[in-house]
>>> print(open('structure-v8.cif').read())   # mmCIF, C-alpha atoms and all ligand atoms
data_input
loop_
_atom_site.label_atom_id
_atom_site.label_comp_id
_atom_site.auth_asym_id
_atom_site.auth_seq_id
_atom_site.Cartn_x
_atom_site.Cartn_y
_atom_site.Cartn_z
CA MET A 1 0.00 0.00 0.00
CA LEU A 2 1.48 3.35 -1.06
CA SER A 3 1.68 6.01 1.62
CA PRO A 4 0.05 9.26 0.49
CA LEU A 5 2.91 11.13 2.15
CA VAL A 6 5.79 10.40 -0.20
CA ASN A 7 8.99 12.25 0.63
CA VAL A 8 11.39 11.87 -2.29
CA GLU A 9 14.31 13.05 -0.16
CA ASP A 10 13.86 9.93 1.99
CA PRO A 11 15.42 7.04 0.01
CA ALA A 12 13.11 4.39 1.52
CA SER A 13 10.00 6.46 0.81
CA LEU A 14 11.19 7.20 -2.74
CA ALA A 15 12.04 3.56 -3.50
CA ALA A 16 8.66 2.39 -2.16
CA TYR A 17 6.92 5.03 -4.27
CA LEU A 18 8.78 4.14 -7.48
CA ARG A 19 8.17 0.43 -6.90
CA ALA A 20 4.45 0.88 -6.18
CA THR A 21 3.97 3.07 -9.25
CA GLY A 22 5.83 0.65 -11.52
CA HIS A 23 8.69 3.00 -12.34
CA LEU A 24 11.51 0.99 -10.86
CA GLY A 25 11.65 -1.72 -13.53
CA SER A 26 13.97 -4.53 -12.61
CA ALA A 27 16.34 -2.35 -10.61
CA ALA A 28 17.01 -4.03 -7.28
CA SER A 29 18.28 -0.96 -5.50
CA ILE A 30 18.77 2.68 -6.27
CA ARG A 31 21.10 5.37 -4.97
CA VAL A 32 19.54 8.67 -3.96
CA GLN A 33 21.36 11.97 -3.65
CA VAL A 34 19.60 15.13 -2.52
CA LEU A 35 20.33 18.05 -4.88
CA GLY A 36 20.44 21.40 -3.14
CA GLY A 37 20.13 24.86 -4.53
CA GLY A 38 16.41 25.26 -5.14
CA VAL A 39 13.87 26.61 -2.66
CA SER A 40 10.58 25.40 -4.00
CA ASN A 41 11.02 21.65 -4.46
CA ARG A 42 12.54 18.51 -3.10
CA THR A 43 14.96 17.54 -5.86
CA VAL A 44 16.96 14.32 -5.88
CA LEU A 45 19.26 12.46 -8.25
CA ILE A 46 18.65 8.74 -8.47
CA THR A 47 21.05 6.33 -10.07
CA GLY A 48 20.64 2.61 -10.57
CA VAL A 49 17.23 2.80 -12.30
CA ASP A 50 16.86 0.89 -15.55
CA GLY A 51 16.78 4.00 -17.70
CA GLY A 52 20.05 5.38 -16.31
CA ALA A 53 20.08 8.40 -13.98
CA TRP A 54 16.96 10.44 -13.25
CA VAL A 55 16.19 13.59 -11.36
CA VAL A 56 12.97 13.48 -9.37
CA LYS A 57 11.28 16.72 -8.29
CA GLN A 58 8.49 17.00 -5.76
CA ALA A 59 6.82 20.39 -5.41
CA LEU A 60 6.54 21.91 -1.92
CA GLU A 61 3.55 23.95 -0.81
CA LYS A 62 5.62 26.13 1.55
CA LEU A 63 8.81 27.30 -0.09
CA ARG A 64 12.12 27.16 1.75
CA THR A 65 12.62 30.92 2.09
CA ASN A 66 13.22 33.15 5.12
CA ILE A 67 10.02 35.06 4.46
CA ASP A 68 6.85 32.88 4.43
CA TRP A 69 5.94 32.06 0.86
CA PHE A 70 3.33 29.57 -0.36
CA SER A 71 2.48 28.25 -3.82
CA SER A 72 0.28 25.38 -4.99
CA PRO A 73 2.31 22.25 -5.81
CA GLU A 74 0.27 21.93 -9.01
CA ARG A 75 2.94 24.13 -10.59
CA ILE A 76 5.09 21.00 -11.07
CA LEU A 77 2.62 20.02 -13.82
CA VAL A 78 3.48 23.23 -15.64
CA GLU A 79 7.10 22.13 -15.48
CA ALA A 80 6.13 18.76 -16.99
CA ALA A 81 4.28 20.51 -19.84
CA ALA A 82 7.26 22.79 -20.42
CA LEU A 83 9.73 19.89 -20.45
CA LYS A 84 7.65 18.41 -23.27
CA ILE A 85 7.20 21.55 -25.39
CA LEU A 86 10.82 22.66 -24.91
CA GLN A 87 11.86 19.55 -26.81
CA VAL A 88 10.37 21.41 -29.77
CA LEU A 89 11.08 25.04 -28.87
CA ALA A 90 14.72 24.59 -27.82
CA PRO A 91 17.57 23.09 -29.85
CA PRO A 92 18.15 19.36 -29.23
CA GLY A 93 19.53 18.47 -25.80
CA CYS A 94 19.02 21.94 -24.29
CA THR A 95 16.53 20.67 -21.73
CA PRO A 96 16.16 17.20 -20.12
CA ALA A 97 13.61 14.68 -21.38
CA LEU A 98 10.57 14.06 -19.14
CA ILE A 99 10.36 10.48 -17.82
CA PHE A 100 7.01 10.62 -15.99
CA GLU A 101 4.62 12.99 -14.25
CA ASP A 102 2.40 12.15 -11.30
CA PRO A 103 -0.42 14.71 -11.13
CA GLN A 104 -1.81 13.19 -7.90
CA ARG A 105 1.37 13.53 -5.85
CA PHE A 106 2.97 16.45 -7.70
CA ILE A 107 6.09 14.51 -8.58
CA ILE A 108 7.93 14.45 -11.90
CA ALA A 109 11.01 12.61 -13.11
CA MET A 110 13.33 13.69 -15.88
CA GLN A 111 16.57 12.51 -17.40
CA ALA A 112 19.55 13.57 -15.28
CA VAL A 113 22.10 15.79 -16.98
CA PRO A 114 25.24 13.65 -17.06
CA GLN A 115 28.53 14.61 -15.46
CA PRO A 116 30.68 16.52 -16.04
CA HIS A 117 28.57 19.61 -15.67
CA GLU A 118 28.84 22.85 -13.81
CA ASN A 119 26.19 25.29 -12.61
CA PHE A 120 26.32 28.53 -14.63
CA LYS A 121 25.69 30.74 -11.59
CA ALA A 122 28.52 29.11 -9.64
CA ALA A 123 30.84 29.56 -12.62
CA LEU A 124 29.91 33.25 -12.99
CA LEU A 125 30.42 33.97 -9.28
CA GLN A 126 33.94 32.57 -9.63
CA GLY A 127 34.63 34.98 -12.47
CA HIS A 128 34.34 32.38 -15.23
CA ILE A 129 32.59 34.71 -17.66
CA ASP A 130 32.93 32.79 -20.87
CA ALA A 131 31.71 34.71 -23.94
CA GLU A 132 30.55 31.58 -25.76
CA ARG A 133 28.43 30.50 -22.77
CA ILE A 134 26.91 33.95 -22.41
CA ALA A 135 26.16 34.04 -26.14
CA ALA A 136 24.52 30.61 -25.89
CA PHE A 137 22.43 31.84 -22.93
CA GLY A 138 21.11 34.74 -25.05
CA ARG A 139 20.62 32.60 -28.16
CA LEU A 140 18.67 29.92 -26.32
CA LEU A 141 16.19 32.46 -24.94
CA GLY A 142 15.77 34.20 -28.30
CA THR A 143 15.17 30.85 -30.00
CA ILE A 144 12.57 29.75 -27.44
CA HIS A 145 10.73 33.07 -27.69
CA ARG A 146 10.74 33.04 -31.50
CA ARG A 147 9.58 29.45 -31.81
CA GLY A 148 7.05 29.94 -29.01
CA TRP A 149 5.54 32.82 -30.94
CA GLN A 150 5.44 30.76 -34.15
CA ARG A 151 3.41 28.16 -32.23
CA ARG A 152 1.45 30.70 -30.24
CA ALA A 153 -1.98 29.08 -30.69
CA GLN A 154 -0.71 25.85 -29.09
CA ILE A 155 1.36 27.61 -26.41
CA ARG A 156 -1.52 29.88 -25.45
CA THR A 157 -3.66 26.82 -24.75
CA LEU A 158 -1.01 24.68 -23.06
CA PHE A 159 0.30 27.50 -20.86
CA SER A 160 -2.89 29.39 -20.13
CA ARG A 161 -2.36 29.03 -16.35
CA ARG A 162 -0.80 32.26 -15.26
CA ASP A 163 -1.43 32.01 -11.52
CA PHE A 164 2.06 30.72 -10.69
CA PHE A 165 3.68 33.56 -12.59
CA GLU A 166 1.22 35.93 -10.88
CA THR A 167 2.03 34.77 -7.34
CA LEU A 168 5.71 33.82 -7.69
CA ARG A 169 6.75 36.76 -9.86
CA LEU A 170 4.25 39.62 -10.25
CA GLU A 171 3.22 39.52 -6.58
CA ALA A 172 6.42 38.25 -4.96
CA TYR A 173 8.78 40.38 -7.01
CA TYR A 174 6.95 43.48 -8.14
CA ALA A 175 3.95 44.05 -5.86
CA PHE A 176 5.87 43.10 -2.69
CA SER A 177 8.81 45.33 -3.66
CA GLY A 178 6.37 48.19 -4.22
CA GLN A 179 5.17 47.75 -0.63
CA GLN A 180 8.75 47.74 0.68
CA VAL A 181 9.91 50.68 -1.46
CA PRO A 182 6.98 53.09 -1.83
CA SER A 183 8.83 55.38 -4.25
CA ALA A 184 8.89 52.47 -6.75
CA ALA A 185 5.26 51.46 -6.24
CA GLY A 186 3.83 53.46 -9.16
CA PHE A 187 6.43 52.20 -11.62
CA LEU A 188 5.93 48.58 -10.50
CA HIS A 189 2.16 48.79 -10.54
CA HIS A 190 2.27 50.07 -14.10
CA LEU A 191 4.73 47.31 -15.04
CA ILE A 192 2.43 44.64 -13.58
CA GLU A 193 -0.50 45.94 -15.63
CA ARG A 194 1.51 46.04 -18.85
CA THR A 195 2.94 42.57 -18.25
CA ARG A 196 -0.54 41.13 -17.83
CA ALA A 197 -1.60 42.70 -21.11
CA ARG A 198 1.40 41.46 -23.11
CA GLN A 199 0.59 37.86 -23.97
CA ILE A 200 2.95 37.12 -26.82
CA THR A 201 4.94 33.90 -26.51
CA PHE A 202 6.28 31.12 -24.28
CA THR A 203 7.83 32.90 -21.33
CA HIS A 204 10.01 30.92 -18.93
CA GLY A 205 9.72 33.08 -15.83
CA ASP A 206 12.89 31.73 -14.18
CA TYR A 207 15.57 32.31 -16.82
CA SER A 208 18.48 32.50 -14.41
CA PRO A 209 22.08 31.22 -14.61
CA LYS A 210 21.20 29.23 -11.48
CA ASN A 211 18.86 27.14 -13.62
CA VAL A 212 21.44 26.49 -16.32
CA LEU A 213 23.92 23.65 -16.32
CA LEU A 214 27.05 23.86 -18.46
CA ARG A 215 28.08 20.74 -20.34
CA PRO A 216 31.24 20.84 -22.45
CA GLU A 217 29.18 20.89 -25.66
CA ARG A 218 26.08 22.94 -24.68
CA ILE A 219 24.06 24.70 -22.02
CA ILE A 220 21.02 23.00 -20.50
CA LEU A 221 18.00 24.85 -19.12
CA LEU A 222 16.11 23.59 -16.03
CA ASP A 223 13.29 24.59 -13.70
CA HIS A 224 10.25 25.54 -15.78
CA GLU A 225 7.49 25.93 -13.17
CA THR A 226 6.73 29.58 -13.90
CA SER A 227 6.40 29.03 -17.66
CA HIS A 228 3.37 30.73 -19.17
CA PHE A 229 2.10 32.44 -22.30
CA GLY A 230 3.25 35.96 -21.62
CA ASP A 231 5.69 38.82 -21.98
CA PRO A 232 9.11 37.77 -23.35
CA ALA A 233 10.59 41.01 -22.01
CA PHE A 234 10.22 39.61 -18.49
CA ASP A 235 12.74 36.84 -19.22
CA ILE A 236 15.19 39.37 -20.64
CA GLY A 237 14.95 41.65 -17.61
CA PHE A 238 15.17 38.70 -15.22
CA ALA A 239 18.34 37.37 -16.89
CA MET A 240 19.89 40.84 -17.26
CA THR A 241 19.38 41.37 -13.54
CA HIS A 242 21.58 38.40 -12.74
CA LEU A 243 24.41 39.72 -14.89
CA LEU A 244 24.08 43.28 -13.57
CA SER A 245 23.77 42.30 -9.91
CA LYS A 246 27.01 40.37 -10.31
CA ALA A 247 28.56 43.42 -12.00
CA HIS A 248 27.57 45.33 -8.86
CA HIS A 249 28.68 42.69 -6.36
CA LEU A 250 32.01 41.83 -8.01
CA PRO A 251 33.80 45.11 -8.89
CA PRO A 252 36.98 43.45 -10.24
CA TRP A 253 34.93 41.79 -12.98
CA ARG A 254 32.37 44.59 -13.44
CA ALA A 255 33.41 45.54 -16.96
CA ARG A 256 33.32 41.90 -18.04
CA PHE A 257 29.82 41.37 -16.64
CA VAL A 258 28.59 44.49 -18.42
CA GLN A 259 30.17 43.27 -21.65
CA ALA A 260 28.46 39.92 -21.05
CA ALA A 261 25.10 41.66 -20.61
CA ARG A 262 25.60 43.44 -23.96
CA LEU A 263 26.53 40.18 -25.65
CA PHE A 264 23.51 38.42 -24.14
CA TRP A 265 21.20 41.07 -25.62
CA ASP A 266 22.89 41.06 -29.04
CA GLU A 267 22.67 37.28 -29.31
CA TYR A 268 19.11 37.25 -28.04
CA ARG A 269 18.04 39.69 -30.74
CA ARG A 270 19.85 37.78 -33.45
CA ALA A 271 18.17 34.50 -32.43
CA CYS A 272 14.78 36.12 -32.01
CA GLY A 273 15.02 37.37 -35.59
CA ASP A 274 12.34 39.42 -37.27
CA VAL A 275 9.29 38.51 -35.19
CA PRO A 276 6.80 41.40 -35.46
CA TRP A 277 7.15 42.35 -31.79
CA ALA A 278 10.99 42.59 -31.90
CA GLY A 279 10.90 46.34 -32.60
CA GLU A 280 8.86 47.24 -29.51
CA LEU A 281 10.53 44.81 -27.11
CA GLU A 282 13.38 46.91 -25.76
CA PRO A 283 11.50 49.50 -23.65
CA TYR A 284 9.71 46.64 -21.89
CA ALA A 285 12.97 44.76 -21.38
CA VAL A 286 14.46 47.93 -19.85
CA ARG A 287 11.52 48.22 -17.43
CA HIS A 288 11.67 44.57 -16.42
CA THR A 289 15.41 44.90 -15.83
CA LEU A 290 14.79 47.83 -13.49
CA GLY A 291 11.89 45.98 -11.83
CA CYS A 292 13.90 42.81 -11.30
CA LEU A 293 17.03 44.69 -10.16
CA LEU A 294 14.90 46.11 -7.39
CA ALA A 295 12.95 42.91 -6.71
CA ARG A 296 16.10 40.87 -6.15
CA VAL A 297 17.16 43.21 -3.34
CA ALA A 298 13.76 44.21 -1.91
CA GLY A 299 11.27 41.49 -2.95
CA ARG A 300 10.43 38.16 -1.36
CA SER A 301 13.29 36.36 -3.11
CA ARG A 302 16.55 38.24 -2.54
CA LEU A 303 19.96 37.49 -3.97
CA GLU A 304 21.80 35.72 -1.17
CA TYR A 305 25.22 37.06 -2.20
CA MET A 306 24.32 40.73 -1.74
CA ASN A 307 24.96 42.35 1.65
CA ALA A 308 22.81 45.04 3.28
CA HIS A 309 24.94 47.87 1.92
CA GLU A 310 24.75 46.50 -1.65
CA ARG A 311 21.00 46.00 -1.36
CA ALA A 312 20.50 49.57 -0.17
CA LEU A 313 22.69 50.96 -2.94
CA GLN A 314 20.96 48.93 -5.66
CA THR A 315 17.58 50.12 -4.34
CA GLU A 316 18.74 53.73 -4.43
CA ILE A 317 20.19 53.53 -7.94
CA VAL A 318 17.19 51.76 -9.44
CA THR A 319 14.61 54.02 -7.83
CA ARG A 320 16.55 57.00 -9.19
CA MET A 321 16.42 55.51 -12.70
CA MET A 322 12.76 54.48 -12.66
CA PRO A 323 11.17 57.90 -13.30
CA HIS A 324 13.15 58.28 -16.56
CA PRO A 325 13.99 54.77 -17.83
CA PRO A 326 16.80 54.68 -20.42
CA ALA A 327 15.63 54.21 -24.01
CA THR A 328 17.79 51.14 -24.68
CA LEU A 329 19.38 48.27 -22.77
CA PRO A 330 22.96 49.40 -23.58
CA ALA A 331 22.03 52.85 -22.21
CA LEU A 332 20.67 51.18 -19.07
CA LEU A 333 23.93 49.26 -18.60
CA GLU A 334 25.96 52.45 -18.93
CA GLU A 335 23.78 54.40 -16.55
CA PHE A 336 23.71 51.64 -13.93
CA VAL A 337 27.49 51.34 -13.98
CA ALA A 338 27.95 55.12 -13.86
CA HIS A 339 25.80 55.25 -10.72
CA LEU A 340 27.85 52.42 -9.18
CA ALA A 341 31.09 54.25 -10.00
CA ALA A 342 29.78 57.50 -8.55
CA SER A 343 28.96 55.77 -5.26
CA ALA A 344 32.39 54.16 -4.83
N1 LIG A 401 17.83 17.05 -14.86
C1 LIG A 401 18.78 17.41 -13.99
N2 LIG A 401 20.04 16.89 -14.06
C2 LIG A 401 21.00 17.23 -13.20
N3 LIG A 401 20.80 18.10 -12.18
C3 LIG A 401 19.60 18.65 -12.03
C4 LIG A 401 18.52 18.34 -12.92
N4 LIG A 401 17.42 19.01 -12.51
C5 LIG A 401 17.79 19.72 -11.43
N5 LIG A 401 19.10 19.51 -11.14
C6 LIG A 401 19.88 20.12 -10.04
O1 LIG A 401 19.00 20.42 -8.97
C7 LIG A 401 18.96 21.83 -8.72
C8 LIG A 401 17.54 22.25 -8.36
O2 LIG A 401 16.68 21.93 -9.45
P1 LIG A 401 15.60 22.98 -9.97
O3 LIG A 401 14.85 22.34 -11.09
O4 LIG A 401 16.28 24.27 -10.29
O5 LIG A 401 14.66 23.11 -8.70
P2 LIG A 401 14.05 24.35 -7.88
O6 LIG A 401 12.73 24.63 -8.54
O7 LIG A 401 13.87 23.87 -6.50
O8 LIG A 401 15.01 25.52 -8.02
C9 LIG A 401 19.49 22.46 -10.01
O9 LIG A 401 20.08 23.70 -9.81
C10 LIG A 401 20.49 21.43 -10.48
O10 LIG A 401 21.73 21.60 -9.83
MG MG A 402 16.08 26.25 -9.64
#
>>> encode(input="structure-v8.cif", output="structure tokens", more="lines below")
Ligand SMILES: Nc1ncnc2c1ncn2[C@@H]1O[C@H](COP(=O)(O)OP(=O)(O)O)[C@@H](O)[C@H]1O
Ligand SMILES: [Mg+2]
Amino acid sequence: MLSPLVNVEDPASLAAYLRATGHLGSAASIRVQVLGGGVSNRTVLITGVDGGAWVVKQALEKLRTNIDWFSSPERILVEAAALKILQVLAPPGCTPALIFEDPQRFIIAMQAVPQPHENFKAALLQGHIDAERIAAFGRLLGTIHRRGWQRRAQIRTLFSRRDFFETLRLEAYYAFSGQQVPSAAGFLHHLIERTRARQITFTHGDYSPKNVLLRPERIILLDHETSHFGDPAFDIGFAMTHLLSKAHHLPPWRARFVQAARLFWDEYRRACGDVPWAGELEPYAVRHTLGCLLARVAGRSRLEYMNAHERALQTEIVTRMMPHPPATLPALLEEFVAHLAASA
């Protein structure tokens, strides 16, 4: 009899679950390794199963953050849907194959990315700012957005659930930051309204170096729970924020991170091509970059590597830029860095 309370981080519970659901095949025993890093799931690597190595994810209702934060575990089913469609939207091998989804227990299994691999965020924080990896990061997003738009009728239907993006991003990032930093509230409120109205293509919602693994031959994107049919500019601003916050936090490599941000944008645009919305994208990407730069120091999900002084400075710089947002992303990069230099 299968316990309703499966805990995939407990090897005995996981093995009993896989056996009872017929997923274990002839494997006599499995090895289970808890994978850290995420806050919203139990994630484990299992080896010894018939199909090789799998990663099993179980969605949590209460996220593992300092500030209380809840989200329905049904979001894991959005990740399953995204793992399937990304086989079409992304170039081959750029996201793991789905093995199974369990809608009753909110568990999914996917192919494990083989070793050797390195986490992109960890590499960047060590100053490994490799131009080819950055270019690939921009290209992959541009490709997904372009192909998502080409298949927009299908994507709109498959990813019509926007509540996870609403609660985990629009509320947790933008609305919450507006409450913490009242001078940004008007800007963020306006941004939320515009984001809701811009339903254009497959939008990942968590396009962060933390969710990218580097293999020698390619980059691999993970963690698709906030995927929805929405505003591609959000993904650009979200990713830009990671590069710019590292430019802020790591002064010796600042110029290289800024160069990386420029390269990311150039490669994104090239891969996105001549979709009809390409021409009007940049002002929105600028606004999401400002919104996310603030959200990652004042929202519910803050960058763990930034100290109180850095958070205060980033808040001050961004709120100064919000009333007159730069016209282009390169102009935003220049202005952000000039403010950082002036504060040194
Ligand atoms: N398919 C996979 N292969 C190898 N490692 C993985 C895989 N999926 C996740 N991981 C590892 O587990 C970590 C957390 O997974 P992720 O999907 O990002 O979960 P969360 O939603 O909790 O952030 C990743 O950063 C990565 O290191
Ligand atoms: Mg993650």
>>> atom_distance(input="structure-v8.cif", atom1="atom CA of Gly291 of chain A", atom2="atom CA of Thr319 of chain A")
9.4 Å
>>> atom_distance(input="structure-v8.cif", atom1="atom CA of Ala135 of chain A", atom2="atom CA of Ala153 of chain A")
28.9 Å
>>> residues_near_ligand(input="structure-v8.cif", ligand="ligand LIG 401 (chain A)", cutoff="6 Å", atoms="all atoms listed in the file", output="JSON, numbers by chain")
{"A": [35, 36, 37, 38, 39, 40, 41, 43, 55, 96, 110, 111, 112, 113, 210, 211, 222, 223]}
>>> closest_residue(input="structure-v8.cif", among="A:Ser227, A:Ser245, A:Gln58, A:Ser13", to="Tyr305 of chain A", atoms="all atoms listed in the file")
A:Ser245
>>> atom_distance(input="structure-v8.cif", atom1="atom CA of Phe202 of chain A", atom2="atom CA of Thr328 of chain A")
23.1 Å
>>> closest_residue(input="structure-v8.cif", among="A:Glu101, A:Glu118, A:Glu79, A:Asp206", to="ligand MG 402 (chain A)", atoms="all atoms listed in the file")
A:Asp206
>>> closest_residue(input="structure-v8.cif", among="A:Cys94, A:Val286, A:Leu244, A:Leu63", to="Leu168 of chain A", atoms="all atoms listed in the file")
A:Leu63
>>> residues_around(input="structure-v8.cif", residues="Leu293 of chain A", least_positions_apart="2", cutoff="9 Å", atoms="all atoms listed in the file", output="NGL selection string")
:A and (237-238 or 240-242 or 244-245 or 288-291 or 295-298 or 314-315 or 318)
>>> write_last_selection(input="structure-v8.cif", atoms="C-alpha atoms", output="PDB file, keeping the file's coordinate frame")
ATOM      1  CA  GLY A 237      14.950  41.650 -17.610  1.00  0.00           C
ATOM      2  CA  PHE A 238      15.170  38.700 -15.220  1.00  0.00           C
ATOM      3  CA  MET A 240      19.890  40.840 -17.260  1.00  0.00           C
ATOM      4  CA  THR A 241      19.380  41.370 -13.540  1.00  0.00           C
ATOM      5  CA  HIS A 242      21.580  38.400 -12.740  1.00  0.00           C
ATOM      6  CA  LEU A 244      24.080  43.280 -13.570  1.00  0.00           C
ATOM      7  CA  SER A 245      23.770  42.300  -9.910  1.00  0.00           C
ATOM      8  CA  HIS A 288      11.670  44.570 -16.420  1.00  0.00           C
ATOM      9  CA  THR A 289      15.410  44.900 -15.830  1.00  0.00           C
ATOM     10  CA  LEU A 290      14.790  47.830 -13.490  1.00  0.00           C
ATOM     11  CA  GLY A 291      11.890  45.980 -11.830  1.00  0.00           C
ATOM     12  CA  ALA A 295      12.950  42.910  -6.710  1.00  0.00           C
ATOM     13  CA  ARG A 296      16.100  40.870  -6.150  1.00  0.00           C
ATOM     14  CA  VAL A 297      17.160  43.210  -3.340  1.00  0.00           C
ATOM     15  CA  ALA A 298      13.760  44.210  -1.910  1.00  0.00           C
ATOM     16  CA  GLN A 314      20.960  48.930  -5.660  1.00  0.00           C
ATOM     17  CA  THR A 315      17.580  50.120  -4.340  1.00  0.00           C
ATOM     18  CA  VAL A 318      17.190  51.760  -9.440  1.00  0.00           C
TER      19      VAL A 318
END
>>> closest_residue(input="structure-v8.cif", among="A:Ser301, A:Gln259, A:Gln115, A:Ser208", to="ligand MG 402 (chain A)", atoms="all atoms listed in the file")
A:Ser208
>>> closest_residue(input="structure-v8.cif", among="A:Asn66, A:Ser26, A:Asn119, A:Ser160", to="ligand MG 402 (chain A)", atoms="all atoms listed in the file")
A:Asn119
>>> residues_around(input="structure-v8.cif", residues="segment 264-280 of chain A", least_positions_apart="5", cutoff="7 Å", atoms="only C-alpha atoms", output="PyMOL selection string")
chain A and resi 134-135+137-139+141-143+145-146
>>> decode(input="structure-v8.cif", residues="segment 67-73 of chain A", atoms="all heavy atoms", output="CSV table (one decimal), in the first residue's frame")
chain,number,residue,atom,x,y,z
A,67,ILE,N,11.3,34.4,4.3
A,67,ILE,CA,10.0,35.1,4.5
A,67,ILE,C,9.0,34.0,4.0
A,67,ILE,O,9.2,33.3,3.0
A,67,ILE,CB,10.0,36.3,3.5
A,67,ILE,CG1,11.1,37.3,3.9
A,67,ILE,CG2,8.6,37.0,3.6
A,67,ILE,CD1,11.2,38.5,3.0
A,68,ASP,N,7.9,33.9,4.8
A,68,ASP,CA,6.9,32.9,4.4
A,68,ASP,C,6.4,33.1,3.0
A,68,ASP,O,6.0,34.2,2.6
A,68,ASP,CB,5.7,33.0,5.4
A,68,ASP,CG,5.9,32.2,6.7
A,68,ASP,OD1,7.0,31.6,6.8
A,68,ASP,OD2,5.0,32.2,7.5
A,69,TRP,N,6.3,32.0,2.3
A,69,TRP,CA,5.9,32.1,0.9
A,69,TRP,C,5.3,30.7,0.5
A,69,TRP,O,5.9,29.7,0.6
A,69,TRP,CB,7.2,32.3,0.1
A,69,TRP,CG,7.0,32.8,-1.3
A,69,TRP,CD1,5.8,33.0,-2.0
A,69,TRP,CD2,8.1,33.0,-2.3
A,69,TRP,NE1,6.1,33.4,-3.3
A,69,TRP,CE2,7.4,33.4,-3.5
A,69,TRP,CE3,9.4,33.0,-2.3
A,69,TRP,CZ2,8.1,33.7,-4.7
A,69,TRP,CZ3,10.1,33.3,-3.4
A,69,TRP,CH2,9.5,33.6,-4.6
A,70,PHE,N,4.1,30.8,0.0
A,70,PHE,CA,3.3,29.6,-0.4
A,70,PHE,C,3.0,29.6,-1.8
A,70,PHE,O,2.7,30.6,-2.4
A,70,PHE,CB,2.0,29.5,0.5
A,70,PHE,CG,2.3,29.4,2.0
A,70,PHE,CD1,2.5,30.5,2.7
A,70,PHE,CD2,2.4,28.1,2.5
A,70,PHE,CE1,2.8,30.4,4.1
A,70,PHE,CE2,2.7,28.0,3.9
A,70,PHE,CZ,2.8,29.1,4.7
A,71,SER,N,2.9,28.4,-2.4
A,71,SER,CA,2.5,28.3,-3.8
A,71,SER,C,2.0,26.8,-4.1
A,71,SER,O,2.6,25.9,-3.6
A,71,SER,CB,3.7,28.5,-4.7
A,71,SER,OG,3.4,28.2,-6.1
A,72,SER,N,0.9,26.7,-4.8
A,72,SER,CA,0.3,25.4,-5.0
A,72,SER,C,1.3,24.4,-5.7
A,72,SER,O,1.9,24.8,-6.7
A,72,SER,CB,-1.0,25.5,-5.8
A,72,SER,OG,-1.3,24.2,-6.3
A,73,PRO,N,1.4,23.2,-5.2
A,73,PRO,CA,2.3,22.2,-5.8
A,73,PRO,C,1.9,21.8,-7.2
A,73,PRO,O,2.7,21.2,-7.9
A,73,PRO,CB,2.3,21.1,-4.8
A,73,PRO,CG,1.1,21.2,-4.0
A,73,PRO,CD,0.8,22.7,-4.0
